[in-house]
Structures are given as structure tokens and as C-alpha cells.
Amino acid sequence: MESLQDKAKAFRELHTQPMLVLPNAWDAGSAAVIQHAGAPAIATTSGGVSWALGRGDGQRLTRSEMTAAVRQITRTVSVPVTADIEGGYGPDPADVATTVAEVIDAGAVGVNLEDSRAGTLSLFPPEVQAERLAAARAAAASAGLPELWINARTDVYLFGIGEPAGRFADVLARAHAYAEAGVDSIFVPGLVDLAVLRELTAASPLPVAAMAGPGAPSVADLASAGVRRVTVGTALAQAAYAAALRSTRELLDAGTYAELASAMDFGTLNGLFA
């Protein structure tokens with residue numbers, strides 16, 4: 001059986017490619033389907049995990065709930081899994097360290113840690129977030145997985161922090177601070193402007209990750225702008241729930257089943273869990 005260290009090294013190797021696309025799973029079933037579709041690795045989405053557990057998005061999960069979901073996913077799939085650990089489930093570096101240790105124990109070989117404060121639209125100052133990120137790196141080493149990939153998310157563009165003219169400089173300053181803390185990439189959700197991304201990827205000391213979806217540039221266009229990693233956040237979960245909504249409405253309103261015609265074959269789906 002492949003060790004966690006081997007998976008972590010394989011995940012790092014995937015990041016040497018010009019572009020890594022990571023579909024986002026929200027439970028073991030969605031992860032199995034994503035692996036079946038050919039994804040070389042899987043990212044979790046905290047929003048999707050939250051919805052599956054009857055919670056709203058926005059750092060409303062507990063550490064134990066998130067860890068349990070990650071563990072179910074890693075036990076179901078064989079590809080590397082990187083976990084969305086939101087803001088680390090506590091404001092202090094020690095909170096982040098505990099979360100990282102537990103998620104490694106659950107089988108993750110990467111984490112996504114954001115710099116927004118739970119329950120607010122404000123961000124930790126760069127120097128404070130850098131301390132939290134450094135704690136994540138130290139915790140990974142202590143847990144025996146120094147190869148853990150740390151994707152440092154900044155919500156400057158997503159939350160519209162500060163004046164628009166100053167956001168690029170804010171993100172770049174954070175990229176430098178976070179790089180010094182030992183992270184591997186910087187994730188800038190809310191930024192899909194190719195010209196700005198091209199400028200950022202040229203100036204950033206870290207590889208840049210982007211969040212895409214309907215209305216965003218294609219993966220090829222993002223790659224041409226220098227983006228190295230693309231995820232879609234909650235979009236796959238939203239699409240799955242939309243399919244359930246359409247099918248249910250048709251069943252209740254018309255008593256017909258056309259929306260179900262495109263359902264995944266039962267034997268194929270069931271076989272993913274053999």
C-alpha cells in the first residue's frame with residue numbers, strides 16, 4: 001500500500017506540471033466519482049462539506065467534522081487528497097497546528113488555509129497569518145509529513161478588501177510574507193482577470209492558484225496567464241444539488257423522469273465502492 005509520504009511526494013510532483021486541475025469533492029461518494037472521471041488528485045471544498053452536514057458555508061464546521069469528512073474521502077480514493085481547512089479552526093498558531101496534525105492523521109497530503117477571520121469579512125494582517133502558516137509547516141514536519149503542500153489562500157479579492165487600486169499590492173505583499181513562512185503556493189479566489197493574473201504570476205514568489213467556474217476564463221487561458229493550479233470551489237456540489245432539484249421538481253410536478261435519464265449507471269456507481 002502506498003504510504004502517505006509517497007502520496008505527498010506524488011502530489012508535489014503533480015505541481016511541477018504547467019497546470020494542475022483539482023476538482024473539489026464534498027464527501028466520499030463525490031470523491032469516488034471524481035477519481036473515476038480521471039482526476040489525478042482531489043481537493044475538498046469546505047462549503048460542500050458543510051452543506052452535506054447540514055451547515056452553511058463560512059467556517060461553521062468544527063475541526064472534528066471536517067477531519068471526519070476528509071478521513072472518509074481518503075479511505076475511499078487512492079489518489080492524493082488536499083483538504084480545505086478553512087481558517088484553521090481557531091485564530092492562534094496553535095489552533096492551526098492542531099488542525100494540520102489531525103488532517104494529516106486523516107490522510108490528507110495538502111491543506112488550503114485561508115487568511116480570513118471566522119464569521120467576518122476581515123483578514124488577519126499578513127504578519128499574523130504568516131505566523132499561522134509557519135505553525136502549519138512546523139506541525140507537518142512534526143507529524144512526519146514535511147512534504148505537505150500548503151496552499152495559502154488570501155481573500156483580498158474575494159471579499160473586496162481595501163480600495164481596488166491597492167488590492168494587487170496587498171496580495172503581492174502577502175505572497176512574500178507567506179513564502180517566507182514556508183508555504184508552497186498562493187490561492188487568490190475572486191481574481192479571474194487574466195491581465196491582473198498575468199502580472200501577479202510574473203511578480204509572485206509563489207505559484208499562483210485560481211478558483212474558476214461559470215464565467216471565468218478557461219483552464220487553458222488561465223494557464224497562459226501563468227496560473228499553475230485551478231479549483232472550482234463549491235461549483236461541482238452546486239451542480240449536483242441543482243440536478244437533484246430539477247429531477248425532484250419534475251417528479252413532483254409532472255410525474256415524469258426525463259431529468260433522471262442522464263443519471264450515472266447504478267452498477268458503475270456502486271462498483272466504485274467495491
# chains A, B, ... in the order shown; residues from 1 in each chain; ligands from 1

call {"tool": "residues_around", "arguments": {"residues": "region 86-103 of chain A", "least_positions_apart": "3", "cutoff": "10 Å", "atoms": "only C-alpha atoms", "output": "VMD selection string"}}
result
chain A and resid 45 to 47 57 to 64 66 to 71 82 to 83 106 to 118 124 128 to 145 148 150 153

call {"tool": "closest_atom_pairs", "arguments": {"of": "region 12-110 of chain A", "to": "region 175-199 of chain A", "cutoff": "12 Å", "atoms": "only C-alpha atoms", "output": "Markdown table"}}
result
| residue | atom | partner | partner_atom | distance |
| --- | --- | --- | --- | --- |
| A:Arg12 | CA | A:Asp184 | CA | 9.5 |
| A:His15 | CA | A:Asp184 | CA | 9.7 |
| A:Thr16 | CA | A:Asp184 | CA | 11.6 |
| A:Asp84 | CA | A:Phe187 | CA | 11.8 |
| A:Gly110 | CA | A:Asp184 | CA | 9.9 |

call {"tool": "write_last_selection", "arguments": {"atoms": "N, CA, C and O atoms", "output": "PDB file, in the first residue's frame"}}
result
ATOM      1  N   ARG A  12       3.229  16.536  -4.852  1.00  0.00           N
ATOM      2  CA  ARG A  12       4.205  17.575  -5.176  1.00  0.00           C
ATOM      3  C   ARG A  12       4.634  17.469  -6.636  1.00  0.00           C
ATOM      4  O   ARG A  12       4.805  18.487  -7.325  1.00  0.00           O
ATOM      5  N   HIS A  15       2.468  19.153  -9.066  1.00  0.00           N
ATOM      6  CA  HIS A  15       2.613  20.607  -9.109  1.00  0.00           C
ATOM      7  C   HIS A  15       3.776  21.072  -9.976  1.00  0.00           C
ATOM      8  O   HIS A  15       3.942  22.274 -10.188  1.00  0.00           O
ATOM      9  N   THR A  16       4.571  20.139 -10.486  1.00  0.00           N
ATOM     10  CA  THR A  16       5.648  20.540 -11.390  1.00  0.00           C
ATOM     11  C   THR A  16       5.124  20.685 -12.821  1.00  0.00           C
ATOM     12  O   THR A  16       5.839  21.192 -13.686  1.00  0.00           O
ATOM     13  N   ASP A  84      -9.413  21.313   2.450  1.00  0.00           N
ATOM     14  CA  ASP A  84      -9.760  22.696   2.750  1.00  0.00           C
ATOM     15  C   ASP A  84     -10.000  22.786   4.258  1.00  0.00           C
ATOM     16  O   ASP A  84     -11.000  22.277   4.771  1.00  0.00           O
ATOM     17  N   GLY A 110      -2.165  17.606   1.603  1.00  0.00           N
ATOM     18  CA  GLY A 110      -2.116  19.032   1.334  1.00  0.00           C
ATOM     19  C   GLY A 110      -3.205  19.714   2.127  1.00  0.00           C
ATOM     20  O   GLY A 110      -4.159  19.064   2.571  1.00  0.00           O
TER      21      GLY A 110
END

call {"tool": "residues_around", "arguments": {"residues": "region 239-246 of chain A", "least_positions_apart": "6", "cutoff": "12 Å", "atoms": "only C-alpha atoms", "output": "number ranges by chain"}}
result
A: 24-26, 29-30, 33, 48, 51-52, 213-214, 232-233, 252-254, 256-264

call {"tool": "closest_residue", "arguments": {"among": "A:Leu236, A:Ala223, A:Ala43, A:Leu4", "to": "Asp105 (chain A)", "atoms": "only C-alpha atoms"}}
result
A:Leu4

call {"tool": "residues_around", "arguments": {"residues": "Thr231 (chain A)", "least_positions_apart": "3", "cutoff": "6 Å", "atoms": "only C-alpha atoms", "output": "list in words"}}
result
Leu22, Pro23 and Met211 of chain A

call {"tool": "atom_distance", "arguments": {"atom1": "CA of Thr201 (chain A)", "atom2": "CA of Val156 (chain A)"}}
result
16.0 Å

call {"tool": "residues_around", "arguments": {"residues": "Asp6 (chain A)", "least_positions_apart": "3", "cutoff": "10 Å", "atoms": "only C-alpha atoms", "output": "PyMOL selection string"}}
result
chain A and resi 1-3+9-12+80+109+145+147

call {"tool": "select_by_dssp", "arguments": {"residues": "region 173-244 of chain A", "states": "strand (DSSP E or B)", "output": "CSV table (one decimal) with N, CA, C and O atoms, in the first residue's frame"}}
result
chain,number,residue,atom,x,y,z
A,185,SER,N,2.2,27.6,-2.3
A,185,SER,CA,1.5,28.3,-3.4
A,185,SER,C,0.6,29.3,-2.7
A,185,SER,O,0.2,29.2,-1.5
A,186,ILE,N,0.1,30.3,-3.5
A,186,ILE,CA,-0.8,31.3,-3.0
A,186,ILE,C,-2.1,31.2,-3.9
A,186,ILE,O,-2.0,31.1,-5.1
A,187,PHE,N,-3.2,31.2,-3.2
A,187,PHE,CA,-4.5,31.0,-3.8
A,187,PHE,C,-5.3,32.3,-3.7
A,187,PHE,O,-5.5,32.8,-2.6
A,208,VAL,N,0.8,30.6,-8.4
A,208,VAL,CA,-0.5,31.1,-8.1
A,208,VAL,C,-1.6,30.1,-8.5
A,208,VAL,O,-1.5,29.5,-9.6
A,209,ALA,N,-2.5,30.0,-7.6
A,209,ALA,CA,-3.7,29.2,-7.8
A,209,ALA,C,-4.9,30.0,-7.9
A,209,ALA,O,-5.0,31.1,-7.3
A,210,ALA,N,-5.9,29.6,-8.8
A,210,ALA,CA,-7.1,30.4,-9.0
A,210,ALA,C,-8.3,29.5,-8.8
A,210,ALA,O,-8.2,28.3,-8.9
A,211,MET,N,-9.4,30.2,-8.5
A,211,MET,CA,-10.7,29.5,-8.4
A,211,MET,C,-11.5,29.9,-9.7
A,211,MET,O,-11.8,31.1,-9.9
A,229,ARG,N,-2.5,26.3,-10.8
A,229,ARG,CA,-3.4,25.3,-10.2
A,229,ARG,C,-4.8,26.0,-10.2
A,229,ARG,O,-5.0,27.1,-9.9
A,230,VAL,N,-5.8,25.1,-10.6
A,230,VAL,CA,-7.2,25.6,-10.7
A,230,VAL,C,-8.1,24.6,-9.9
A,230,VAL,O,-8.0,23.4,-10.0
A,231,THR,N,-8.9,25.2,-9.1
A,231,THR,CA,-10.0,24.5,-8.4
A,231,THR,C,-11.3,25.2,-8.8
A,231,THR,O,-11.3,26.3,-9.3

call {"tool": "atom_distance", "arguments": {"atom1": "CA of Leu20 (chain A)", "atom2": "CA of Pro126 (chain A)"}}
result
26.5 Å

call {"tool": "select_by_dssp", "arguments": {"residues": "region 7-238 of chain A", "states": "alpha helix (DSSP H)", "output": "ChimeraX atom specification"}}
result
/A:7-14,28-36,46-52,63-76,93-105,126-142,164-180,194-203,219-224,235-238

call {"tool": "closest_residue", "arguments": {"among": "A:Ala8, A:Met19, A:Leu269, A:Ile73", "to": "Ala31 (chain A)", "atoms": "only C-alpha atoms"}}
result
A:Ile73

call {"tool": "closest_residue", "arguments": {"among": "A:Leu251, A:Ala173, A:Ala237, A:Val77", "to": "Ala203 (chain A)", "atoms": "only C-alpha atoms"}}
result
A:Ala173

call {"tool": "atom_distance", "arguments": {"atom1": "CA of Leu172 (chain A)", "atom2": "CA of Gly160 (chain A)"}}
result
15.2 Å
